[in-house]
Amino acid sequence: MKQLMLGNAAVARGCYEAGVRVVSSYPGTPSTEITENAVKYDEIYCEWAPNEKVGAEVAIGAAIAGARAMTCCKHVGLNVMADPVFTASYTGVNGGLVIAVADDPGMHSSQNEQDSRHYAKASKIIMLEPSDSSECKEFTKAAFELSEKFDTPVFLRLTTRVSHSQSLVELCDRENDELKFYEKNPAKYVMMPGNAIKRHVDVENRMRALEEYAETSPLNTVEDNGAEIGIITSGITYAYAKEALGNKANFLKLGLVYPMPVNLIKDFAAKCKKVYVLEELDPFIEEHCKVNGVDVIGKEVFTLLGEYSVNLIKKVVLGKEIPDVKPEPIPVRPPVMCAGCPHRGTFYVLKKLGLTVSGDIGCYTLGAAAPLGAIDTTICMGASVSAAHGMAKARGTEFNKKLVSVIGDSTFMHSGITGLIDIVYNKGANTVIILDNSITGMTGHQDNPTTGRTIKGEPTKQVDLELLCKAVGIENVVIADPFDVKNFEKVVKEETAKDEPSVIIAQRPCALLKTVKYTGRCVITDKCRNCKMCLKAGCPAITVKDGKPVIDATQCNGCGLCMNICPFDAIEKEEA
Amino acid sequence: METKSIMIVGVGGQGTLLASRILGNAVISQGYDVKVSEVHGMSQRGGSVVTYVRYGEKVHSPIIDKGGADMILAFELLEAKRALPFLKKDGKIIVNSQEIDPMPVIIGAAVYPENLAEKLSESADTTAVDALSLAKRAGNPKAVNVVLIGVMAKNWDIPYEVWTDTIKKTVPEKFLEVNLKAFELGYNS
């Protein structure tokens with residue numbers, strides 16, 4: 001019986017069937033649901049790691065110990081885990097090791113559009129790329145086989161549309177779940193120069209063997225339709241190309257995107273009059289073809305930006321113009337913080353005080369959008385803390401007194417704490433606001449070391465943020481409720497004025513958590529003087545009708561922040 | 001048969017994802033190949049949300065391009081308007097007549113267009129339904145998504161029981177009664 005399955009769920013199913021025993025990851029859209037689905041199989045030990053580097057190291061350790069193991073991340077997460085991954089390429093594995101990395105062409109939920117295929121080449125690690133859910137499962141299983149056969153970690157590359165599309169998958173039984181024999185082998189697993197020099201030789205030999213394997217791998221498939229046009233492609237772009245061109249082209253679909261075959265490509269191209277390379281983001285396959293003397297058409301007629309589409313392929317390859325009627329302009333609908341979001345109180349105060357705000361990655365990045373418009377910078381996980389330290393060192397004390405960092409609880413655990421240690425160690429005086437909403441919000445409610453629960457929801461030791469900050473040397477740690485806007489404003493003013501570093505823990509849980517039970521609805525009474533202060537909070541439930549603010553009862557969850565902002569006590573709670 | 005393409009559009013939080021899953025599972029039970037595409041993460045937070053359901057004998061792309069949708073199921077009027085360039089010439093629109101102001105409208109930087117339901121009818125075969133009222137009548141304003149599935153189902157060749165069975169399999173137990181009621185109200189609207 002076939003099941004409709006999300007690409008990410010199919011990768012998890014592939015892990016189950018391949019006998020995987022350990023999965024350790026940090027959440028990141030669009031990769032999160034792999035680990036969330038893997039945890040549903042009792043045979044697989046799963047965990048949320050504090051960051052991707054830790055997740056990768058856990059998986060590497062499990063593989064060396066003889067288990068099949070996986071770690072999953074989004075493209076930028078691979079940057080965080082790059083250090084252990086490059087050396088795991090040298091050590092090789094014992095049990096199979098697969099690193100699932102999900103790129104985000106079009107940046108549906110990311111801060112950049114990097115192409116992770118370059119990592120495969122740079123780290124000399126084989127990379128597979130599925131194009132639908134069925135392949136997600138099959139390629140995952142193939143990845144574990146290849147990992148053990150060639151003694152190497154294996155990348156499984158996904159993109160948003162593969163990860164977040166559902167298609168049909170045939171289920172099979174679990175196999176290969178025995179632990180492999182473990183023995184001490186420092187020459188293989190202790191990567192100091194004397195050993196690593198020898199392992200590098202093994203890596204290069206492995207690459208030659210893999211290049212040979214690529215020529216005949218069943219993961220690469222040729223579809224000869226006797227056409228003049230040839231298409232070399234992989235992943236989701238194959239689906240677009242098939243949809244656009246059907247049998248009007250021959251296809252070479254590369255399931256193995258690193259290393260790529262040479263003779264297979266040459267033979268395929270020789271049978272076609274014109275060969276296009278279809279690939280989103282960088283000309284990775286195209287350059288491989290050109291270096292090997294195969295004449296292909298690629299980025300000169302397509303694009304380095306965003307996603308490809310069926311219409312784009314039809315237009316370029318078939319010359320079929322699709323009339324693009326310019327739609328009349330209508331208001332955009334950018335994402336906003338939810339009604340009841342605890343971050344709203346924080347950003348309302350920061351905007352009011354006119355502070356420079358060093359931001360971070362999470363729901364609260366939306367504090368950069370109008371009307372809050374409070375955030376000055378967002379770079380990567382953890383940068384809010386360390387970049388603010390850099391700003392303060394560059395511009396001095398007075399600037400620092402008008403500067404704060406904002407970082408979520410999960411992001412602080414991920415890589416904010418190291419920046420905070422830097423501030424203490426190097427005599428900074430920054431104010432860091434930890435937005436503690438008791439959950440990892442943006443990626444859809446994952447537990448983390450500060451929530452006191454594991455990925456299975458089991459109770460565990462909870463990192464005490466206050467004690468942690470004190471332990472690294474922060475003497476001013478204040479816990480404040482961001483919805484008590486008067487007090488919160490006072491606390492921010494006091495802490496930023498100090499000549500010492502401070503941490504403010506803005507504590508209030510995410511409004512979407514089941515444990516949060518706001519009751520009733522807020523309503524604007526006739527005491528309203530139409531000052532529109534409530535609109536400055538940027539709550540999606542408060543809107544304007546006939547020139548006056550009104551609260552949409554279907555959107556309001558009764559959090560009451562607007563009641564605390566209104567200077568005329570004109571907003572009251574009505575019990576539902 | 002030719003592949004059918006249905007686009008579900010709405011505002012983050014309205015339950016478009018569940019609607020697309022119910023739809024996907026209903027057509028799969030009829031023996032079709034199906035692809036459903038969703039968007040998670042940042043774009044879910046109160047922004048425009050788009051999901052695609054495509055089914056037929058063999059479906060390649062999970063995505064619908066401009067001019068490719070046989071039907072648009074819209075949870076909100078402005079989002080229906082935004083999706084209009086994706087509709088085929090003879091395509092149909094089913095739209096919830098609810099208006100939700102986006103942030104640029106709330107802060108006065110833009111104006112919500114007037115008479116959108118009429119304008120949509122001028123461009124395409126449009127059925128507008130007050131799904132919010134029906135959802136409230138079913139017992140929960142959040143059931144707008146299943147009301148709209150009901151409206152769509154009555155114009156479809158899939159039997160009533162297949163829909164209700166799919167809802168039973170897709171929706172959590174404690175919300176089942178409300179959702180079955182919502183489906184019925186939509187179906188009979």
# chains A, B, ... in the order shown; residues from 1 in each chain; ligands from 1
call {"tool": "closest_atom_pairs", "arguments": {"of": "chain A", "to": "chain B", "cutoff": "6 Å", "atoms": "only C-alpha atoms", "output": "tab-separated table"}}
result
residue	atom	partner	partner_atom	distance
A:Thr29	CA	B:Gly41	CA	5.9
A:Ser109	CA	B:Met42	CA	4.9
A:His164	CA	B:Glu38	CA	5.5
A:Ser165	CA	B:Ser37	CA	4.1
A:Gln166	CA	B:Val36	CA	4.8
A:Ser167	CA	B:Lys35	CA	4.7
A:Ala239	CA	B:Ser61	CA	4.9
A:Tyr240	CA	B:Ser61	CA	5.3
A:Glu243	CA	B:His60	CA	5.6
A:Pro331	CA	B:Ala110	CA	6.0
A:Arg333	CA	B:Pro102	CA	5.1
A:Pro334	CA	B:Gly47	CA	4.8
A:Pro335	CA	B:Gly47	CA	3.7
A:Val336	CA	B:Gly46	CA	5.4
A:Thr443	CA	B:Gly41	CA	5.5
A:Thr543	CA	B:Ile106	CA	5.0
call {"tool": "residues_around", "arguments": {"residues": "A:Arg174", "least_positions_apart": "6", "cutoff": "9 Å", "atoms": "only C-alpha atoms", "output": "list in words"}}
result
Gly14, Cys15, Tyr16, Glu17, Ala18 and Gly19 of chain A
call {"tool": "write_last_selection", "arguments": {"atoms": "N, CA, C and O atoms", "output": "PDB file, in the first residue's frame"}}
result
ATOM      1  N   GLY A  14      13.080   6.185   5.341  1.00  0.00           N
ATOM      2  CA  GLY A  14      14.289   5.559   4.791  1.00  0.00           C
ATOM      3  C   GLY A  14      15.264   5.196   5.902  1.00  0.00           C
ATOM      4  O   GLY A  14      15.869   4.124   5.888  1.00  0.00           O
ATOM      5  N   CYS A  15      15.400   6.086   6.884  1.00  0.00           N
ATOM      6  CA  CYS A  15      16.266   5.808   8.040  1.00  0.00           C
ATOM      7  C   CYS A  15      15.775   4.569   8.777  1.00  0.00           C
ATOM      8  O   CYS A  15      16.558   3.684   9.126  1.00  0.00           O
ATOM      9  N   TYR A  16      14.464   4.542   8.999  1.00  0.00           N
ATOM     10  CA  TYR A  16      13.890   3.396   9.717  1.00  0.00           C
ATOM     11  C   TYR A  16      14.189   2.097   8.968  1.00  0.00           C
ATOM     12  O   TYR A  16      14.697   1.133   9.536  1.00  0.00           O
ATOM     13  N   GLU A  17      13.895   2.102   7.681  1.00  0.00           N
ATOM     14  CA  GLU A  17      14.072   0.870   6.893  1.00  0.00           C
ATOM     15  C   GLU A  17      15.545   0.490   6.770  1.00  0.00           C
ATOM     16  O   GLU A  17      15.887  -0.682   6.662  1.00  0.00           O
ATOM     17  N   ALA A  18      16.435   1.501   6.771  1.00  0.00           N
ATOM     18  CA  ALA A  18      17.875   1.231   6.638  1.00  0.00           C
ATOM     19  C   ALA A  18      18.499   0.795   7.958  1.00  0.00           C
ATOM     20  O   ALA A  18      19.701   0.581   8.038  1.00  0.00           O
ATOM     21  N   GLY A  19      17.696   0.702   9.005  1.00  0.00           N
ATOM     22  CA  GLY A  19      18.221   0.235  10.286  1.00  0.00           C
ATOM     23  C   GLY A  19      18.956   1.288  11.094  1.00  0.00           C
ATOM     24  O   GLY A  19      19.770   0.963  11.961  1.00  0.00           O
TER      25      GLY A  19
END
call {"tool": "select_by_dssp", "arguments": {"residues": "chain B", "states": "alpha helix (DSSP H)", "output": "ChimeraX atom specification"}}
result
/B:16-28,77-83,103-106,116-123,131-138,144-153,160-170,176-187
call {"tool": "select_by_dssp", "arguments": {"residues": "stretch 225-299 of chain A", "states": "strand (DSSP E or B)", "output": "ChimeraX atom specification"}}
result
/A:229-233,249-253,256-258,274-278,297
call {"tool": "residues_around", "arguments": {"residues": "B:Asp130", "least_positions_apart": "5", "cutoff": "7 Å", "atoms": "only C-alpha atoms", "output": "list in words"}}
result
Asn96, Ser97 and Gln98 of chain B
call {"tool": "residues_around", "arguments": {"residues": "A:Glu500", "least_positions_apart": "5", "cutoff": "10 Å", "atoms": "only C-alpha atoms", "output": "VMD selection string"}}
result
chain A and resid 423 to 424 427 to 431 474 to 476 495
call {"tool": "write_last_selection", "arguments": {"atoms": "C-alpha atoms", "output": "short mmCIF file (atom, residue, chain, number, x, y, z; two decimals), in the first residue's frame"}}
result
data_model
loop_
_atom_site.label_atom_id
_atom_site.label_comp_id
_atom_site.auth_asym_id
_atom_site.auth_seq_id
_atom_site.Cartn_x
_atom_site.Cartn_y
_atom_site.Cartn_z
CA ILE A 423 31.63 40.10 26.20
CA VAL A 424 32.49 39.16 29.79
CA LYS A 427 35.35 43.67 29.30
CA GLY A 428 32.30 44.58 27.25
CA ALA A 429 29.27 46.31 28.75
CA ASN A 430 26.56 45.14 26.38
CA THR A 431 22.93 44.52 27.27
CA ILE A 474 27.25 38.44 34.16
CA GLU A 475 26.43 40.13 37.44
CA ASN A 476 23.31 41.94 36.25
CA GLU A 495 20.46 47.96 32.32
#
